[in-house]
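Student: My structure is in protein-v6.tsv, and what it holds is TSV, C-alpha atoms:
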chain	number	residue	atom	x	y	z
I	1272	MET	CA	2.66	-14.48	19.53
I	1273	ASN	CA	0.31	-11.77	18.20
I	1274	LYS	CA	1.79	-9.53	15.51
I	1275	PHE	CA	0.06	-6.66	13.75
I	1276	ILE	CA	0.60	-5.65	10.16
I	1277	PHE	CA	-0.86	-2.39	8.84
I	1278	ASP	CA	-1.16	-0.92	5.39
I	1279	VAL	CA	-0.58	2.87	5.48
I	1280	ASP	CA	-2.56	4.82	2.84
I	1281	GLY	CA	-6.27	4.52	3.58
I	1282	THR	CA	-5.56	2.46	6.72
I	1283	LEU	CA	-3.44	4.65	9.02
I	1284	THR	CA	-3.62	7.87	7.01
I	1285	PRO	CA	-5.77	9.49	4.34
I	1286	SER	CA	-4.53	8.41	0.93
I	1287	ARG	CA	-1.16	10.15	0.43
I	1288	GLY	CA	-2.04	12.27	3.47
I	1289	ILE	CA	-0.65	12.91	6.97
I	1290	ILE	CA	-1.72	10.85	9.98
I	1291	ASP	CA	-4.27	12.50	12.29
I	1292	LEU	CA	-2.48	13.77	15.40
I	1293	LYS	CA	-4.90	12.24	17.91
I	1294	PHE	CA	-4.85	8.91	16.12
I	1295	LYS	CA	-1.06	9.14	15.95
I	1296	ALA	CA	-0.84	9.41	19.75
I	1297	PHE	CA	-3.11	6.37	20.10
I	1298	PHE	CA	-1.16	4.41	17.49
I	1299	ASN	CA	2.17	5.23	19.14
I	1300	MET	CA	0.92	3.74	22.40
I	1301	PHE	CA	-0.31	0.70	20.48
I	1302	CYS	CA	3.18	0.27	18.98
I	1303	LEU	CA	4.77	0.47	22.44
I	1304	THR	CA	2.67	-2.42	23.72
I	1305	ASN	CA	2.45	-4.61	20.59
I	1306	ASP	CA	4.65	-5.89	17.76
I	1307	VAL	CA	3.71	-3.66	14.84
I	1308	TYR	CA	4.79	-3.93	11.20
I	1309	LEU	CA	3.89	-1.72	8.24
I	1310	VAL	CA	3.57	-2.78	4.59
I	1311	THR	CA	2.94	-0.14	1.95
I	1312	GLY	CA	3.44	0.53	-1.73
I	1313	SER	CA	5.17	3.84	-1.00
I	1314	ASP	CA	8.88	4.45	-0.44
I	1315	LYS	CA	10.43	5.26	2.92
I	1316	ALA	CA	10.61	9.03	2.43
I	1317	LYS	CA	6.88	9.23	1.70
I	1318	THR	CA	5.94	6.99	4.65
I	1319	VAL	CA	8.07	9.02	7.07
I	1320	GLU	CA	6.42	12.18	5.73
I	1321	GLN	CA	3.00	10.65	6.40
I	1322	ILE	CA	3.47	9.20	9.88
I	1323	SER	CA	6.67	10.96	11.16
I	1324	GLU	CA	10.05	9.43	11.92
I	1325	PRO	CA	9.35	8.75	15.64
I	1326	THR	CA	6.24	6.71	14.79
I	1327	TYR	CA	8.11	4.96	11.96
I	1328	ASN	CA	10.84	3.94	14.39
I	1329	LEU	CA	8.34	2.48	16.87
I	1330	CYS	CA	7.49	-0.22	14.32
I	1331	LYS	CA	9.44	-3.47	14.42
I	1332	ARG	CA	9.94	-3.44	10.67
I	1333	VAL	CA	8.57	-1.50	7.70
I	1334	TYR	CA	8.05	-3.15	4.33
I	1335	GLN	CA	8.23	-0.38	1.75
I	1336	CYS	CA	7.30	-0.80	-1.93
I	1337	ASN	CA	5.11	-3.83	-1.17
I	1338	GLY	CA	7.98	-5.56	0.63
I	1339	ASN	CA	10.65	-4.89	-1.98
I	1340	ASP	CA	12.51	-2.39	0.23
I	1341	VAL	CA	12.73	-3.43	3.88
I	1342	TRP	CA	13.71	-1.18	6.80
I	1343	GLU	CA	14.22	-1.38	10.55
I	1344	LYS	CA	14.45	2.23	11.70
I	1345	ASP	CA	17.41	3.64	9.70
I	1346	ALA	CA	18.80	0.25	8.65
I	1347	ASN	CA	18.01	-0.98	5.14
I	1348	ILE	CA	17.61	-4.75	5.47
I	1349	GLN	CA	16.95	-5.64	1.84
I	1350	THR	CA	16.23	-3.98	-1.53
I	1351	ASN	CA	15.00	-5.50	-4.79
I	1352	ASP	CA	16.65	-3.97	-7.89
I	1353	TRP	CA	14.11	-5.14	-10.51
I	1354	LYS	CA	13.41	-2.72	-13.36
I	1355	LEU	CA	10.34	-2.38	-15.59
I	1356	PRO	CA	10.90	-3.93	-19.05
I	1357	ASP	CA	10.81	-1.50	-22.00
I	1358	LEU	CA	7.80	-3.15	-23.66
I	1359	ALA	CA	5.77	-2.89	-20.45
I	1360	ARG	CA	6.78	0.76	-20.15
I	1361	THR	CA	5.59	1.42	-23.70
I	1362	PHE	CA	2.25	-0.23	-22.90
I	1363	LEU	CA	1.72	2.01	-19.85
I	1364	ILE	CA	2.59	5.14	-21.82
I	1365	SER	CA	-0.04	4.15	-24.39
I	1366	CYS	CA	-2.61	3.65	-21.60
I	1367	GLU	CA	-1.92	7.15	-20.29
I	1368	TYR	CA	-2.21	8.61	-23.81
I	1369	GLU	CA	-5.47	6.79	-24.60
I	1370	SER	CA	-7.27	7.55	-21.31
I	1371	ASP	CA	-10.37	9.72	-21.56
I	1372	PHE	CA	-9.40	11.50	-18.34
I	1373	SER	CA	-8.22	14.98	-19.31
I	1374	ILE	CA	-5.79	15.99	-16.53
I	1375	ARG	CA	-2.07	15.08	-16.64
I	1376	THR	CA	0.33	16.23	-13.89
I	1377	GLY	CA	3.53	14.29	-14.64
I	1378	ASN	CA	5.39	11.41	-12.95
I	1379	HIS	CA	3.04	8.82	-14.43
I	1380	ILE	CA	5.48	5.89	-14.10
I	1381	GLU	CA	7.20	6.18	-10.74
I	1382	GLU	CA	10.16	3.82	-10.28
I	1383	ARG	CA	10.48	2.31	-6.81
I	1384	PRO	CA	12.63	-0.54	-5.49
I	1385	GLY	CA	11.31	-3.77	-7.01
I	1386	MET	CA	8.18	-2.18	-8.48
I	1387	VAL	CA	6.65	0.76	-10.30
I	1388	ASN	CA	3.52	2.76	-9.60
I	1389	PHE	CA	1.54	3.83	-12.67
I	1390	SER	CA	-0.98	6.67	-12.56
I	1391	VAL	CA	-2.93	8.23	-15.43
I	1392	VAL	CA	-3.39	11.52	-13.59
I	1393	GLY	CA	0.22	11.39	-12.36
I	1394	ARG	CA	1.90	11.28	-8.96
I	1395	ASN	CA	2.25	15.06	-8.99
I	1396	ALA	CA	-1.51	15.55	-8.74
I	1397	ASP	CA	-2.84	17.73	-5.92
I	1398	ALA	CA	-5.83	16.78	-3.77
I	1399	GLU	CA	-8.35	18.37	-6.14
I	1400	GLN	CA	-6.90	16.64	-9.19
I	1401	ARG	CA	-6.80	13.30	-7.37
I	1402	ALA	CA	-10.44	13.73	-6.34
I	1403	ALA	CA	-11.36	14.45	-9.95
I	1404	TYR	CA	-9.72	11.21	-11.07
I	1405	VAL	CA	-11.40	9.22	-8.28
I	1406	ALA	CA	-14.78	10.55	-9.44
I	1407	PHE	CA	-13.91	9.74	-13.05
I	1408	GLU	CA	-12.85	6.20	-12.22
I	1409	GLU	CA	-15.95	5.49	-10.18
I	1410	GLN	CA	-17.86	5.81	-13.45
I	1411	ASN	CA	-15.67	3.60	-15.65
I	1412	GLY	CA	-13.30	1.49	-13.51
I	1413	GLU	CA	-10.32	2.48	-15.62
I	1414	ARG	CA	-7.58	1.18	-13.33
I	1415	LYS	CA	-9.00	-2.34	-13.20
I	1416	LYS	CA	-9.31	-2.37	-16.99
I	1417	ILE	CA	-5.69	-1.29	-17.38
I	1418	ALA	CA	-4.47	-3.80	-14.78
I	1419	ASP	CA	-6.41	-6.66	-16.41
I	1420	ALA	CA	-5.04	-5.79	-19.86
I	1421	PHE	CA	-1.50	-5.48	-18.48
I	1422	ASN	CA	-1.72	-8.87	-16.76
I	1423	THR	CA	-2.91	-10.49	-19.99
I	1424	MET	CA	-0.05	-8.99	-22.01
I	1425	PHE	CA	2.69	-9.60	-19.43
I	1426	PRO	CA	1.99	-12.92	-17.64
I	1427	ASP	CA	5.32	-12.85	-15.76
I	1428	LEU	CA	4.43	-9.50	-14.19
I	1429	GLU	CA	1.48	-8.46	-12.05
I	1430	ALA	CA	-0.50	-5.23	-11.88
I	1431	LYS	CA	-2.75	-4.50	-8.90
I	1432	VAL	CA	-4.91	-1.49	-8.10
I	1433	GLY	CA	-3.41	0.47	-5.18
I	1434	GLY	CA	-4.33	3.67	-3.35
I	1435	GLU	CA	-6.78	6.11	-4.95
I	1436	THR	CA	-5.20	6.72	-8.35
I	1437	GLY	CA	-2.39	4.20	-8.92
I	1438	ILE	CA	-1.58	0.73	-10.13
I	1439	ASP	CA	1.29	-1.21	-8.48
I	1440	ILE	CA	3.34	-3.35	-10.87
I	1441	SER	CA	6.02	-5.92	-9.99
I	1442	PRO	CA	7.16	-9.40	-10.98
I	1443	LYS	CA	4.68	-12.09	-9.98
I	1444	GLY	CA	5.07	-13.05	-6.34
I	1445	PHE	CA	6.78	-9.79	-5.39
I	1446	ASP	CA	3.60	-8.32	-3.93
I	1447	LYS	CA	2.75	-7.75	-0.26
I	1448	SER	CA	2.38	-11.48	0.35
I	1449	GLN	CA	6.17	-11.90	0.06
I	1450	ILE	CA	6.64	-10.57	3.60
I	1451	ILE	CA	5.06	-13.68	5.10
I	1452	LYS	CA	8.40	-15.49	4.87
I	1453	ASP	CA	9.76	-13.25	7.64
I	1454	PHE	CA	7.25	-14.48	10.23
I	1455	ASN	CA	7.26	-17.61	12.35
I	1456	LYS	CA	4.50	-20.17	11.79
I	1457	LYS	CA	3.67	-19.84	15.49
I	1458	ASP	CA	2.95	-16.12	15.09
I	1459	LYS	CA	-0.70	-15.05	14.98
I	1460	LEU	CA	-0.85	-12.39	12.29
I	1461	TYR	CA	-3.45	-9.61	12.13
I	1462	PHE	CA	-3.50	-7.58	8.94
I	1463	PHE	CA	-5.37	-4.27	8.51
I	1464	GLY	CA	-5.84	-2.89	5.00
I	1465	ASP	CA	-8.27	-1.02	2.80
I	1466	ALA	CA	-7.70	-2.80	-0.55
I	1467	MET	CA	-8.36	-6.45	0.26
I	1468	HIS	CA	-10.75	-6.97	-2.66
I	1469	GLU	CA	-9.51	-9.21	-5.46
I	1470	GLY	CA	-7.23	-7.09	-7.63
I	1471	GLY	CA	-6.36	-4.76	-4.73
I	1472	ASN	CA	-2.76	-4.54	-3.55
I	1473	ASP	CA	-3.69	-5.79	-0.04
I	1474	TYR	CA	-5.40	-8.89	-1.44
I	1475	PRO	CA	-2.35	-11.22	-1.74
I	1476	LEU	CA	-1.28	-10.71	1.88
I	1477	ALA	CA	-4.86	-10.96	3.13
I	1478	GLN	CA	-5.00	-14.50	1.70
I	1479	VAL	CA	-2.07	-15.79	3.78
I	1480	VAL	CA	-2.44	-14.14	7.21
I	1481	ASP	CA	-4.40	-15.59	10.12
I	1482	ILE	CA	-6.85	-12.72	10.60
I	1483	LYS	CA	-7.61	-9.91	8.16
I	1484	ARG	CA	-9.49	-6.70	8.95
I	1485	HIS	CA	-10.75	-4.80	5.95
I	1486	VAL	CA	-11.09	-1.14	6.91
I	1487	THR	CA	-12.64	1.82	5.13
I	1488	GLY	CA	-10.16	4.43	6.36
I	1489	TRP	CA	-7.95	5.39	9.29
I	1490	ARG	CA	-10.98	6.28	11.44
I	1491	ASN	CA	-12.32	2.77	10.95
I	1492	THR	CA	-8.92	1.33	12.01
I	1493	TRP	CA	-8.95	3.50	15.13
I	1494	GLU	CA	-12.55	2.56	15.92
I	1495	TYR	CA	-11.81	-1.15	15.66
I	1496	LEU	CA	-8.68	-1.02	17.82
I	1497	THR	CA	-10.43	1.17	20.42
I	1498	TRP	CA	-13.52	-1.06	20.50
I	1499	SER	CA	-11.36	-4.15	20.97
I	1500	GLN	CA	-9.59	-2.56	23.93
I	1501	GLU	CA	-12.83	-1.38	25.52
I	1502	GLN	CA	-14.35	-4.86	25.17
I	1503	GLY	CA	-11.27	-6.41	26.72
I	1504	ILE	CA	-10.67	-8.45	23.58
I	1505	SER	CA	-7.12	-9.69	23.29
I	1506	LEU	CA	-6.04	-9.00	19.73
Render the structure in this file as structure tokens.
Tutor:
Amino acid sequence: MNKFIFDVDGTLTPSRGIIDLKFKAFFNMFCLTNDVYLVTGSDKAKTVEQISEPTYNLCKRVYQCNGNDVWEKDANIQTNDWKLPDLARTFLISCEYESDFSIRTGNHIEERPGMVNFSVVGRNADAEQRAAYVAFEEQNGERKKIADAFNTMFPDLEAKVGGETGIDISPKGFDKSQIIKDFNKKDKLYFFGDAMHEGGNDYPLAQVVDIKRHVTGWRNTWEYLTWSQEQGISL
């Protein structure tokens, strides 16, 4: 049976943004005629804000926090209560302090079920501040450097670049790939994501699904799904 798994930020919506209304109408119809699952690093409140509660509830299951907080509509199926060790927290604080990027907005280590999201600019950054950090990082690749250093220092944990400004951190194996255990071996899994490169937070799941579609944004997701329908291709 065909099942479709979608990342959210950069795949169904702009990063930390709201889903386009026309694409939302298309995606709702897609959910009504297919088995759709979401997997995202964000928590439920943020995902509902991005795609709306009706769209959220059309999905068979939503894997929040990279699969560490699992929901079916309003029912919480499972939550991981892991907490970031103090030494790892101290390391991240030092990375924030030592960064050459000048803007700080607060909420740099955001605790989520089973994981944390670390951001030098901070989760409170507005669109302009986020864009400034994206431009800064394009020049020096700061997040990958931090993630690589973190993974060397803490071999039992894993840091992966996620979204535009963050790094997702969790115990090894508690990344997006953990959701595969909930699917039947007979299922044909299609996964759409924008961070499937090695070190990206979509990479682990992309390695274990049947078919992966790397997309460059929500428009690209829409274009691919529309093209497939127009060509009569059975996804």
Student: Could you pull out every residue with an atom within 12 Å of (0.7, 14.6, 15.8), file coordinates, counting all atoms listed in the file, and send them as a PDB file with C-alpha atoms, in the frame of the given file?
Tutor:
ATOM      1  CA  THR I1284      -3.620   7.870   7.010  1.00  0.00           C
ATOM      2  CA  ILE I1289      -0.650  12.910   6.970  1.00  0.00           C
ATOM      3  CA  ILE I1290      -1.720  10.850   9.980  1.00  0.00           C
ATOM      4  CA  ASP I1291      -4.270  12.500  12.290  1.00  0.00           C
ATOM      5  CA  LEU I1292      -2.480  13.770  15.400  1.00  0.00           C
ATOM      6  CA  LYS I1293      -4.900  12.240  17.910  1.00  0.00           C
ATOM      7  CA  PHE I1294      -4.850   8.910  16.120  1.00  0.00           C
ATOM      8  CA  LYS I1295      -1.060   9.140  15.950  1.00  0.00           C
ATOM      9  CA  ALA I1296      -0.840   9.410  19.750  1.00  0.00           C
ATOM     10  CA  PHE I1297      -3.110   6.370  20.100  1.00  0.00           C
ATOM     11  CA  PHE I1298      -1.160   4.410  17.490  1.00  0.00           C
ATOM     12  CA  ASN I1299       2.170   5.230  19.140  1.00  0.00           C
ATOM     13  CA  GLU I1320       6.420  12.180   5.730  1.00  0.00           C
ATOM     14  CA  GLN I1321       3.000  10.650   6.400  1.00  0.00           C
ATOM     15  CA  ILE I1322       3.470   9.200   9.880  1.00  0.00           C
ATOM     16  CA  SER I1323       6.670  10.960  11.160  1.00  0.00           C
ATOM     17  CA  GLU I1324      10.050   9.430  11.920  1.00  0.00           C
ATOM     18  CA  PRO I1325       9.350   8.750  15.640  1.00  0.00           C
ATOM     19  CA  THR I1326       6.240   6.710  14.790  1.00  0.00           C
TER      20      THR I1326
END
Student: For Met1272 (chain I), work out the shell of residues within 7 Å, counting all atoms listed in the file and skipping chain neighbours fewer than 2 positions away, then give it as a ChimeraX atom specification.
Tutor: /I:1274,1457-1459
Student: State, in Å with one decimal place, the distance from CA of Gly1437 (chain I) to CA of Ala1316 (chain I).
Tutor: 17.9 Å
Student: Extract, using only C-alpha atoms, all DNA, RNA and protein residues at most 12 Å from Asp1427 (chain I), discarding same-chain residues fewer than 6 positions from it, and format them as a VMD selection string.
Tutor: chain I and resid 1355 to 1356 1359 1421 1440 to 1445
Student: So, with all atoms listed in the file as the atoms that count, which of I:Asp1439, I:Ser1499, I:Lys1315, I:Val1392 lies closest to Asn1422 (chain I)?
Tutor: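 That would be I:Asp1439, the residue with the smallest distance to Asn1422 (chain I).
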Student: Of the residues I:Lys1331, I:Asn1388, I:Ser1373, I:Trp1342, which is the one nearest to Lys1354 (chain I), using only C-alpha atoms?
Tutor: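 Looking only at the distances to Lys1354 (chain I), the closest residue turns out to be I:Asn1388.
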Student: Could you tell me which of I:Val1486, I:Ile1438, I:Ala1466, I:Val1307 comes closest to Cys1366 (chain I) if we count only C-alpha atoms?
Tutor: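 Under the stated criterion, the closest residue is I:Ile1438.
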Student: Which neighbours of Ala1396 (chain I) fall inside 8 Å, counting all atoms listed in the file, when residues of the same chain fewer than 5 positions from it are skipped, and could you give them as a list in words?
Tutor: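 Final neighbour list, sorted by chain and number: Arg1375, Thr1376, Gly1377 and Arg1401 of chain I.
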Student: Check the smallest atom-to-atom distance from each of I:Gly1488, I:Pro1475, I:Pro1384, I:Gly1464 to Ser1313 (chain I) using all atoms listed in the file, then report the winner.
Tutor: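 Using all atoms listed in the file, Ser1313 (chain I) sits closest to I:Pro1384.
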Student: Determine, counting all atoms listed in the file, which protein, DNA and RNA residues have an atom within 9 Å of an atom of Gly1312 (chain I); residues of the same chain fewer than 4 positions away are not included. Present the result as a VMD selection string.
Tutor: chain I and resid 1278 to 1280 1334 to 1338 1383 1386 1388 1433 to 1434 1439 1447 1472
Student: Report as a PDB file with C-alpha atoms, in the coordinates of the input all protein, DNA and RNA residues lying within 12 Å of Gly1412 (chain I), evaluated on only C-alpha atoms, omitting residues in the same chain fewer than 4 positions from it.
Tutor:
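Once written, around-v1.pdb looks like this:
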ATOM      1  CA  SER I1370      -7.270   7.550 -21.310  1.00  0.00           C
ATOM      2  CA  ASP I1371     -10.370   9.720 -21.560  1.00  0.00           C
ATOM      3  CA  PHE I1372      -9.400  11.500 -18.340  1.00  0.00           C
ATOM      4  CA  TYR I1404      -9.720  11.210 -11.070  1.00  0.00           C
ATOM      5  CA  VAL I1405     -11.400   9.220  -8.280  1.00  0.00           C
ATOM      6  CA  ALA I1406     -14.780  10.550  -9.440  1.00  0.00           C
ATOM      7  CA  PHE I1407     -13.910   9.740 -13.050  1.00  0.00           C
ATOM      8  CA  GLU I1408     -12.850   6.200 -12.220  1.00  0.00           C
ATOM      9  CA  LYS I1416      -9.310  -2.370 -16.990  1.00  0.00           C
ATOM     10  CA  ILE I1417      -5.690  -1.290 -17.380  1.00  0.00           C
ATOM     11  CA  ALA I1418      -4.470  -3.800 -14.780  1.00  0.00           C
ATOM     12  CA  ASP I1419      -6.410  -6.660 -16.410  1.00  0.00           C
ATOM     13  CA  VAL I1432      -4.910  -1.490  -8.100  1.00  0.00           C
ATOM     14  CA  GLU I1435      -6.780   6.110  -4.950  1.00  0.00           C
ATOM     15  CA  THR I1436      -5.200   6.720  -8.350  1.00  0.00           C
TER      16      THR I1436
END
Student: Please determine, counting only C-alpha atoms, which residue among I:Lys1456, I:Arg1394, I:His1379, I:Arg1332 has the shortest atom-to-atom distance to Phe1275 (chain I).
Tutor: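 The answer is I:Arg1332, which sits nearest to Phe1275 (chain I).
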Student: Calculated over all atoms listed in the file, which of the candidates I:Asn1339, I:Gln1400, I:Thr1311, I:Gln1478 has the smallest distance to Leu1283 (chain I)?
Tutor: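 Of the candidates, the smallest distance to Leu1283 (chain I) is held by I:Thr1311.
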Student: What's the separation between CA of Gln1449 (chain I) and CA of Thr1350 (chain I), in Å to one decimal place?
Tutor: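 Straight-line distance from CA of Gln1449 (chain I) to CA of Thr1350 (chain I) works out to 12.9 Å.
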Student: How many Å lie between CA of Glu1429 (chain I) and CA of Asp1481 (chain I), rounded to one decimal?
Tutor: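 So the two atoms, CA of Glu1429 (chain I) and CA of Asp1481 (chain I), lie 24.0 Å apart.
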Student: Please determine the residues with any atom at most 7 Å from (-5.3, -2.5, 7.2) (coordinates as given in the file, with all atoms listed in the file counting) and report them as an MDAnalysis selection string.
Tutor: chainID I and resid 1277:1278 1282 1462:1465 1484:1486
Student: Padding 4 Å on each side, edges along x, y and z: where is the centre of the box around the listed atoms of region 1449-1459 of chain I, and how long are its edges in Å to one decimal? Output it as AutoDock Vina command-line options.
Tutor:
--center_x 4.5 --center_y -15.4 --center_z 7.8 --size_x 18.5 --size_y 17.6 --size_z 23.4
